[in-house]
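S.K.: A single structure is presented below for examination.
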Amino acid sequence: MLMPPSRNKPRVSPVEELHPLSMGRLSSGDWEKMDPLDRRALQIESAFYREAEARGHHAEPGSLHVDGHAFTLEIYEAGRAVRERLTRKDPGYRKDAVQWRQAWEPSGLLTLIIQMEGWGGKRRWTDRPGKLLETQASRLILHFERLAREKASHDARYEAYQREAEIARRQTAHRVFKEQERKRRPVVVRTLAAQWEEAARLRAFLDVLERCFDPPTPAMKAWLTAARDDIDKLDPVSPSRLHALEFHADAVAPAPEDDGPRHPDEAYWFDEGAMDELVDEMFGDVRLCIGGRLTS
């Protein structure tokens with residue numbers, strides 16, 4: 001006589017139904033010795049591992065990786081607040097008044113705590129009558145997916161803000177550089193004029209010196225050529241210095257964005273000289289060097 005299919009199906013031990021990650025935490029014989037709540041905690045953990053993997057996510061011991069975001073899992077027995085009457089042995093006891101204190105006792109209920117890496121605080125779910133944690137794995141995995149999407153959206157907005165803020169910081173640094181150079185311009189012009197006069201005077205001197213050696217020896221010609229090269233480095237109207245001046249003029253030319261709205265974080269960028277450092281980093285090579293001398 002054939003037995004009904006349900007009678008033919010071999011009985012599976014609860015421990016055999018655990019997810020391999022949970023099985024790895026057990027030694028031979030541990031299951032039978034465990035407290036019933038500890039057994040349930042492993043079964044709940046297994047349910048979450050299996051549900052996450054069924055939806056294409058990755059499980060590791062004590063954590064789930066949902067859409068690239070890590071969730072840590074912790075399951076423990078929730079406490080329950082109770083009132084206890086103070087006795088003669090308790091500090092603060094008074095004979096003329098009834099006094100109570102709050103104490104905690106085991107509740108027999110399990111609480112699941114999940115924490116998403118880098119996003120929000122801890123979130124808790126506790127057993128309820130007719131709504132045990134092991135029956136909520138599917139619903140909570142969907143909740144984790146929603147949290148992962150929220151964090152991804154937040155990260156994208158934050159990265160976009162960072163990119164916009166960096167562009168604004170560099171625009172502010174450019175504006176600050178222009179303001180610095182405008183204040184510096186009168187001194188620059190006077191210095192360049194003085195260098196131009198000195199270069200002209202020195203060239204005139206070298207012309208006179210060359211005529212003193214008529215004809216100059218090859219060594220003297222080489223010396224005079226090197227001296228004139230040194231004067232070119234000093235002269236603000238030499239080709240190389242004029243090119244630098246033109247490049248500088250382009251960098252300090254007014255632009256529409258100079259009068260645009262200021263970034264709300266601009267005040268913070270000036271704290272502790274951070275903006276000055278950025279200006280030096282970006283425009284140190286553009287700022288005109290007016291301290292040139294023929295000799296030290």
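Residue numbering restarts at 1 for every chain of the structure tokens, chains are lettered A, B, ... in their displayed order, and ligands are numbered from 1 as they appear.
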Step one, run DSSP on the backbone; step two, keep only residues of range 49-243 of chain A assigned to alpha helix (DSSP H); then write them as a ChimeraX atom specification.
M.R.: /A:49-54,137-212,218-234,239-243
S.K.: Give me, as JSON, numbers by chain, all polymer residues having an atom no more than 8 Å from Ser46 in chain A, counting only C-alpha atoms and skipping those fewer than 2 positions away in the same chain.
M.R.: {"A": [18, 19, 21, 22, 42, 43, 44, 48, 49, 50]}
S.K.: Take the residues just selected and output them with C-alpha atoms as a short mmCIF file (atom, residue, chain, number, x, y, z; two decimals), in the first residue's frame.
M.R.:
data_model
loop_
_atom_site.label_atom_id
_atom_site.label_comp_id
_atom_site.auth_asym_id
_atom_site.auth_seq_id
_atom_site.Cartn_x
_atom_site.Cartn_y
_atom_site.Cartn_z
CA LEU A 18 19.77 26.36 8.08
CA HIS A 19 21.64 28.38 5.50
CA LEU A 21 26.49 30.52 6.66
CA SER A 22 24.45 29.79 9.78
CA LEU A 42 19.79 31.21 13.59
CA GLN A 43 16.61 30.31 11.71
CA ILE A 44 15.72 34.00 11.27
CA PHE A 48 17.21 36.54 5.57
CA TYR A 49 20.25 34.99 3.87
CA ARG A 50 18.05 32.83 1.64
#
S.K.: How many Å separate CA of Leu142 in chain A from CA of Asp67 in chain A?
M.R.: 11.4 Å
S.K.: Counting only C-alpha atoms, which residue out of A:Glu257, A:Lys151, A:Ala199, A:Leu209 sits closest to Lys233 in chain A?
M.R.: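 With only C-alpha atoms as the atom set, the closest residue is A:Ala199.
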S.K.: Write down as an MDAnalysis selection string the residues belonging to range 19-231 of chain A that are assigned strand (DSSP E or B) by DSSP computed on the backbone.
M.R.: chainID A and resid 58:60 63:66 69:85 100:116 119:126 128 131
S.K.: Okay, now the selection with C-alpha atoms, as a compact mmCIF listing (two decimals), in the first residue's frame?
M.R.:
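So selection01.txt came out as:
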# COMPACT_ATOMS: atom_id res chain seq x y z
CA HIS A 58 25.03 38.56 -1.68
CA ALA A 59 25.15 37.23 1.89
CA GLU A 60 28.15 37.10 4.21
CA SER A 63 25.67 40.93 6.79
CA LEU A 64 23.82 41.30 3.50
CA HIS A 65 25.04 43.17 0.44
CA VAL A 66 22.02 44.66 -1.27
CA HIS A 69 25.41 48.41 -0.03
CA ALA A 70 26.30 46.49 3.15
CA PHE A 71 23.69 45.82 5.86
CA THR A 72 24.83 44.31 9.16
CA LEU A 73 22.41 41.98 10.95
CA GLU A 74 22.15 41.50 14.70
CA ILE A 75 19.52 39.45 16.51
CA TYR A 76 19.09 39.44 20.27
CA GLU A 77 16.43 38.93 22.92
CA ALA A 78 14.53 42.12 23.66
CA GLY A 79 14.16 43.24 27.25
CA ARG A 80 10.87 44.25 28.84
CA ALA A 81 10.44 47.09 31.30
CA VAL A 82 8.76 46.15 34.58
CA ARG A 83 8.03 48.03 37.80
CA GLU A 84 9.51 46.74 41.03
CA ARG A 85 8.63 47.95 44.50
CA TRP A 100 8.85 51.92 42.59
CA ARG A 101 11.75 51.55 40.20
CA GLN A 102 12.01 50.46 36.60
CA ALA A 103 13.77 47.20 35.88
CA TRP A 104 14.25 45.00 32.84
CA GLU A 105 13.50 41.34 32.41
CA PRO A 106 13.75 38.96 29.47
CA SER A 107 10.75 39.25 27.18
CA GLY A 108 11.05 36.00 25.25
CA LEU A 109 10.88 38.09 22.05
CA LEU A 110 13.62 38.57 19.50
CA THR A 111 14.68 41.89 18.02
CA LEU A 112 16.41 42.33 14.67
CA ILE A 113 18.79 45.28 14.29
CA ILE A 114 20.07 46.27 10.89
CA GLN A 115 22.51 49.04 10.15
CA MET A 116 23.34 50.22 6.65
CA TRP A 119 23.53 55.66 5.92
CA GLY A 120 21.34 56.53 8.88
CA GLY A 121 21.35 54.87 12.26
CA LYS A 122 20.24 51.49 13.50
CA ARG A 123 16.76 50.20 12.68
CA ARG A 124 14.91 47.71 14.88
CA TRP A 125 12.13 45.19 14.35
CA THR A 126 10.78 43.06 17.20
CA ARG A 128 4.91 40.63 17.63
CA LYS A 131 4.10 38.55 13.26
S.K.: Just want the 12 Å neighbourhood of Ala227 in chain A, counted on only C-alpha atoms, with same-chain residues fewer than 5 positions away dropped. Output as a short mmCIF file (atom, residue, chain, number, x, y, z; two decimals) with N, CA, C and O atoms, in the first residue's frame.
M.R.:
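Contents of out_31.cif, as written:
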data_model
loop_
_atom_site.label_atom_id
_atom_site.label_comp_id
_atom_site.auth_asym_id
_atom_site.auth_seq_id
_atom_site.Cartn_x
_atom_site.Cartn_y
_atom_site.Cartn_z
N ALA A 199 67.26 97.94 -17.81
CA ALA A 199 67.71 97.13 -18.95
C ALA A 199 68.28 98.02 -20.05
O ALA A 199 69.32 97.68 -20.66
N LEU A 202 71.70 99.21 -18.98
CA LEU A 202 72.70 98.15 -19.03
C LEU A 202 73.08 97.80 -20.47
O LEU A 202 74.26 97.52 -20.77
N ARG A 203 72.12 97.83 -21.39
CA ARG A 203 72.43 97.56 -22.80
C ARG A 203 73.35 98.66 -23.35
O ARG A 203 74.28 98.38 -24.12
N PHE A 205 75.41 100.36 -21.67
CA PHE A 205 76.74 100.12 -21.12
C PHE A 205 77.46 99.02 -21.89
O PHE A 205 78.66 99.13 -22.21
N LEU A 206 76.74 97.92 -22.23
CA LEU A 206 77.38 96.84 -22.97
C LEU A 206 77.80 97.29 -24.37
O LEU A 206 78.84 96.84 -24.89
N ASP A 207 77.04 98.19 -24.99
CA ASP A 207 77.44 98.72 -26.30
C ASP A 207 78.75 99.49 -26.19
O ASP A 207 79.65 99.35 -27.03
N LEU A 209 80.93 99.08 -23.84
CA LEU A 209 81.98 98.11 -23.49
C LEU A 209 82.46 97.35 -24.72
O LEU A 209 83.66 97.10 -24.89
N GLU A 210 81.53 97.03 -25.61
CA GLU A 210 81.91 96.29 -26.82
C GLU A 210 82.82 97.14 -27.72
O GLU A 210 83.76 96.63 -28.34
N MET A 220 85.44 87.40 -25.54
CA MET A 220 84.73 88.59 -25.11
C MET A 220 83.35 88.65 -25.77
O MET A 220 82.36 89.06 -25.15
N LYS A 221 83.27 88.24 -27.06
CA LYS A 221 81.97 88.20 -27.74
C LYS A 221 81.00 87.28 -27.01
O LYS A 221 79.83 87.60 -26.83
N ALA A 222 81.50 86.11 -26.60
CA ALA A 222 80.66 85.16 -25.89
C ALA A 222 80.19 85.74 -24.56
O ALA A 222 79.04 85.57 -24.15
N ASP A 232 67.93 90.38 -21.11
CA ASP A 232 66.62 90.03 -21.68
C ASP A 232 65.69 89.44 -20.63
O ASP A 232 64.46 89.66 -20.65
N LYS A 233 66.24 88.70 -19.69
CA LYS A 233 65.42 88.11 -18.63
C LYS A 233 64.90 89.19 -17.68
O LYS A 233 63.86 89.02 -17.05
N LEU A 234 65.66 90.29 -17.59
CA LEU A 234 65.25 91.40 -16.72
C LEU A 234 64.30 92.34 -17.43
O LEU A 234 63.38 92.89 -16.81
N LEU A 294 69.36 91.55 -12.17
CA LEU A 294 70.43 91.00 -12.98
C LEU A 294 71.40 90.19 -12.12
O LEU A 294 71.91 89.16 -12.53
N THR A 295 71.66 90.67 -10.93
CA THR A 295 72.53 89.95 -10.00
C THR A 295 71.85 89.87 -8.65
O THR A 295 70.96 90.67 -8.33
#
S.K.: Quick one: distance from CA of Ala168 in chain A to CA of Arg149 in chain A in Å, one decimal?
M.R.: 28.5 Å
S.K.: Near Met282 in chain A, counting only C-alpha atoms, which residues have an atom at most 10 Å away, once you skip same-chain residues fewer than 5 positions from it, shown as a PyMOL selection string?
M.R.: chain A and resi 170+173-174+177+276-277+287
S.K.: Taking all heavy atoms for each residue, export the selection above as a PDB file, in the first residue's frame.
M.R.:
ATOM      1  N   ARG A 170      36.840  76.996  -7.648  1.00  0.00           N
ATOM      2  CA  ARG A 170      37.883  77.422  -8.586  1.00  0.00           C
ATOM      3  C   ARG A 170      37.524  78.764  -9.237  1.00  0.00           C
ATOM      4  O   ARG A 170      38.412  79.591  -9.500  1.00  0.00           O
ATOM      5  CB  ARG A 170      38.111  76.330  -9.631  1.00  0.00           C
ATOM      6  CG  ARG A 170      38.568  75.009  -9.003  1.00  0.00           C
ATOM      7  CD  ARG A 170      38.823  73.944 -10.055  1.00  0.00           C
ATOM      8  NE  ARG A 170      40.094  74.140 -10.723  1.00  0.00           N
ATOM      9  CZ  ARG A 170      41.272  73.741 -10.257  1.00  0.00           C
ATOM     10  NH1 ARG A 170      41.355  73.136  -9.082  1.00  0.00           N
ATOM     11  NH2 ARG A 170      42.380  73.946 -10.939  1.00  0.00           N
ATOM     12  N   ALA A 173      38.358  81.278  -6.637  1.00  0.00           N
ATOM     13  CA  ALA A 173      39.804  81.478  -6.578  1.00  0.00           C
ATOM     14  C   ALA A 173      40.274  82.376  -7.719  1.00  0.00           C
ATOM     15  O   ALA A 173      41.148  83.238  -7.532  1.00  0.00           O
ATOM     16  CB  ALA A 173      40.518  80.125  -6.636  1.00  0.00           C
ATOM     17  N   HIS A 174      39.701  82.192  -8.906  1.00  0.00           N
ATOM     18  CA  HIS A 174      40.071  83.033 -10.055  1.00  0.00           C
ATOM     19  C   HIS A 174      39.674  84.486  -9.786  1.00  0.00           C
ATOM     20  O   HIS A 174      40.433  85.420 -10.075  1.00  0.00           O
ATOM     21  CB  HIS A 174      39.399  82.510 -11.319  1.00  0.00           C
ATOM     22  CG  HIS A 174      40.018  83.028 -12.580  1.00  0.00           C
ATOM     23  ND1 HIS A 174      39.624  82.630 -13.825  1.00  0.00           N
ATOM     24  CD2 HIS A 174      41.019  83.932 -12.787  1.00  0.00           C
ATOM     25  CE1 HIS A 174      40.347  83.259 -14.738  1.00  0.00           C
ATOM     26  NE2 HIS A 174      41.196  84.060 -14.128  1.00  0.00           N
ATOM     27  N   PHE A 177      42.067  85.956  -7.289  1.00  0.00           N
ATOM     28  CA  PHE A 177      43.346  86.240  -7.944  1.00  0.00           C
ATOM     29  C   PHE A 177      43.276  87.555  -8.722  1.00  0.00           C
ATOM     30  O   PHE A 177      44.192  88.392  -8.660  1.00  0.00           O
ATOM     31  CB  PHE A 177      43.707  85.087  -8.878  1.00  0.00           C
ATOM     32  CG  PHE A 177      44.860  85.372  -9.797  1.00  0.00           C
ATOM     33  CD1 PHE A 177      46.150  85.462  -9.317  1.00  0.00           C
ATOM     34  CD2 PHE A 177      44.646  85.563 -11.160  1.00  0.00           C
ATOM     35  CE1 PHE A 177      47.215  85.741 -10.169  1.00  0.00           C
ATOM     36  CE2 PHE A 177      45.696  85.830 -12.009  1.00  0.00           C
ATOM     37  CZ  PHE A 177      46.980  85.921 -11.510  1.00  0.00           C
ATOM     38  N   ASP A 276      43.422  81.134  -0.124  1.00  0.00           N
ATOM     39  CA  ASP A 276      44.737  81.640  -0.544  1.00  0.00           C
ATOM     40  C   ASP A 276      45.616  80.505  -1.069  1.00  0.00           C
ATOM     41  O   ASP A 276      46.339  80.677  -2.051  1.00  0.00           O
ATOM     42  CB  ASP A 276      45.436  82.336   0.628  1.00  0.00           C
ATOM     43  CG  ASP A 276      44.770  83.655   0.983  1.00  0.00           C
ATOM     44  OD1 ASP A 276      44.101  84.228   0.108  1.00  0.00           O
ATOM     45  OD2 ASP A 276      44.921  84.099   2.137  1.00  0.00           O
ATOM     46  N   GLU A 277      45.512  79.351  -0.406  1.00  0.00           N
ATOM     47  CA  GLU A 277      46.294  78.194  -0.864  1.00  0.00           C
ATOM     48  C   GLU A 277      45.851  77.759  -2.253  1.00  0.00           C
ATOM     49  O   GLU A 277      46.681  77.413  -3.106  1.00  0.00           O
ATOM     50  CB  GLU A 277      46.148  77.035   0.128  1.00  0.00           C
ATOM     51  CG  GLU A 277      46.785  77.299   1.479  1.00  0.00           C
ATOM     52  CD  GLU A 277      46.560  76.148   2.438  1.00  0.00           C
ATOM     53  OE1 GLU A 277      45.945  75.137   2.012  1.00  0.00           O
ATOM     54  OE2 GLU A 277      46.990  76.256   3.599  1.00  0.00           O
ATOM     55  N   ARG A 287      50.872  84.563 -11.931  1.00  0.00           N
ATOM     56  CA  ARG A 287      51.163  85.833 -11.273  1.00  0.00           C
ATOM     57  C   ARG A 287      52.526  86.364 -11.746  1.00  0.00           C
ATOM     58  O   ARG A 287      53.513  85.634 -11.781  1.00  0.00           O
ATOM     59  CB  ARG A 287      51.155  85.659  -9.764  1.00  0.00           C
ATOM     60  CG  ARG A 287      51.386  86.934  -8.988  1.00  0.00           C
ATOM     61  CD  ARG A 287      51.289  86.723  -7.501  1.00  0.00           C
ATOM     62  NE  ARG A 287      49.910  86.607  -7.060  1.00  0.00           N
ATOM     63  CZ  ARG A 287      49.401  85.538  -6.480  1.00  0.00           C
ATOM     64  NH1 ARG A 287      50.141  84.464  -6.324  1.00  0.00           N
ATOM     65  NH2 ARG A 287      48.131  85.523  -6.105  1.00  0.00           N
TER      66      ARG A 287
END
S.K.: Which of these, A:Pro61, A:Leu224, A:Ala47, A:Ala41, has the shortest distance to Gly24 in chain A once you count only C-alpha atoms?
M.R.: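 Of all the options, A:Pro61 lies closest to Gly24 in chain A.
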S.K.: Give me the residues of range 124-225 of chain A that have any atom at most 9 Å from an atom of range 264-269 of chain A; for each, the nearest atom pair and the distance in Å, rounded to one decimal. Use only C-alpha atoms, sort by chain and number, and format it as a tab-separated table.
M.R.:
residue	atom	partner	partner_atom	distance
A:Ala165	CA	A:Asp265	CA	8.3
A:Ala168	CA	A:Glu266	CA	8.5
A:Arg169	CA	A:Glu266	CA	7.5
A:Thr172	CA	A:Glu266	CA	7.8
S.K.: Would you mind listing what lies within 12 Å of Glu246 in chain A as a list in words, with only C-alpha atoms counted and same-chain residues fewer than 6 positions away left out?
M.R.: Pro236, Val237, Pro239, Ser240, Val252, Ala253, Val286, Arg287 and Leu288 of chain A
S.K.: Looking at only C-alpha atoms, which of A:Glu166, A:Glu181, A:Glu145, A:Asp271 is the one that sits closest to Pro254 in chain A?
M.R.: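 Smallest separation from Pro254 in chain A among the options: A:Glu181.
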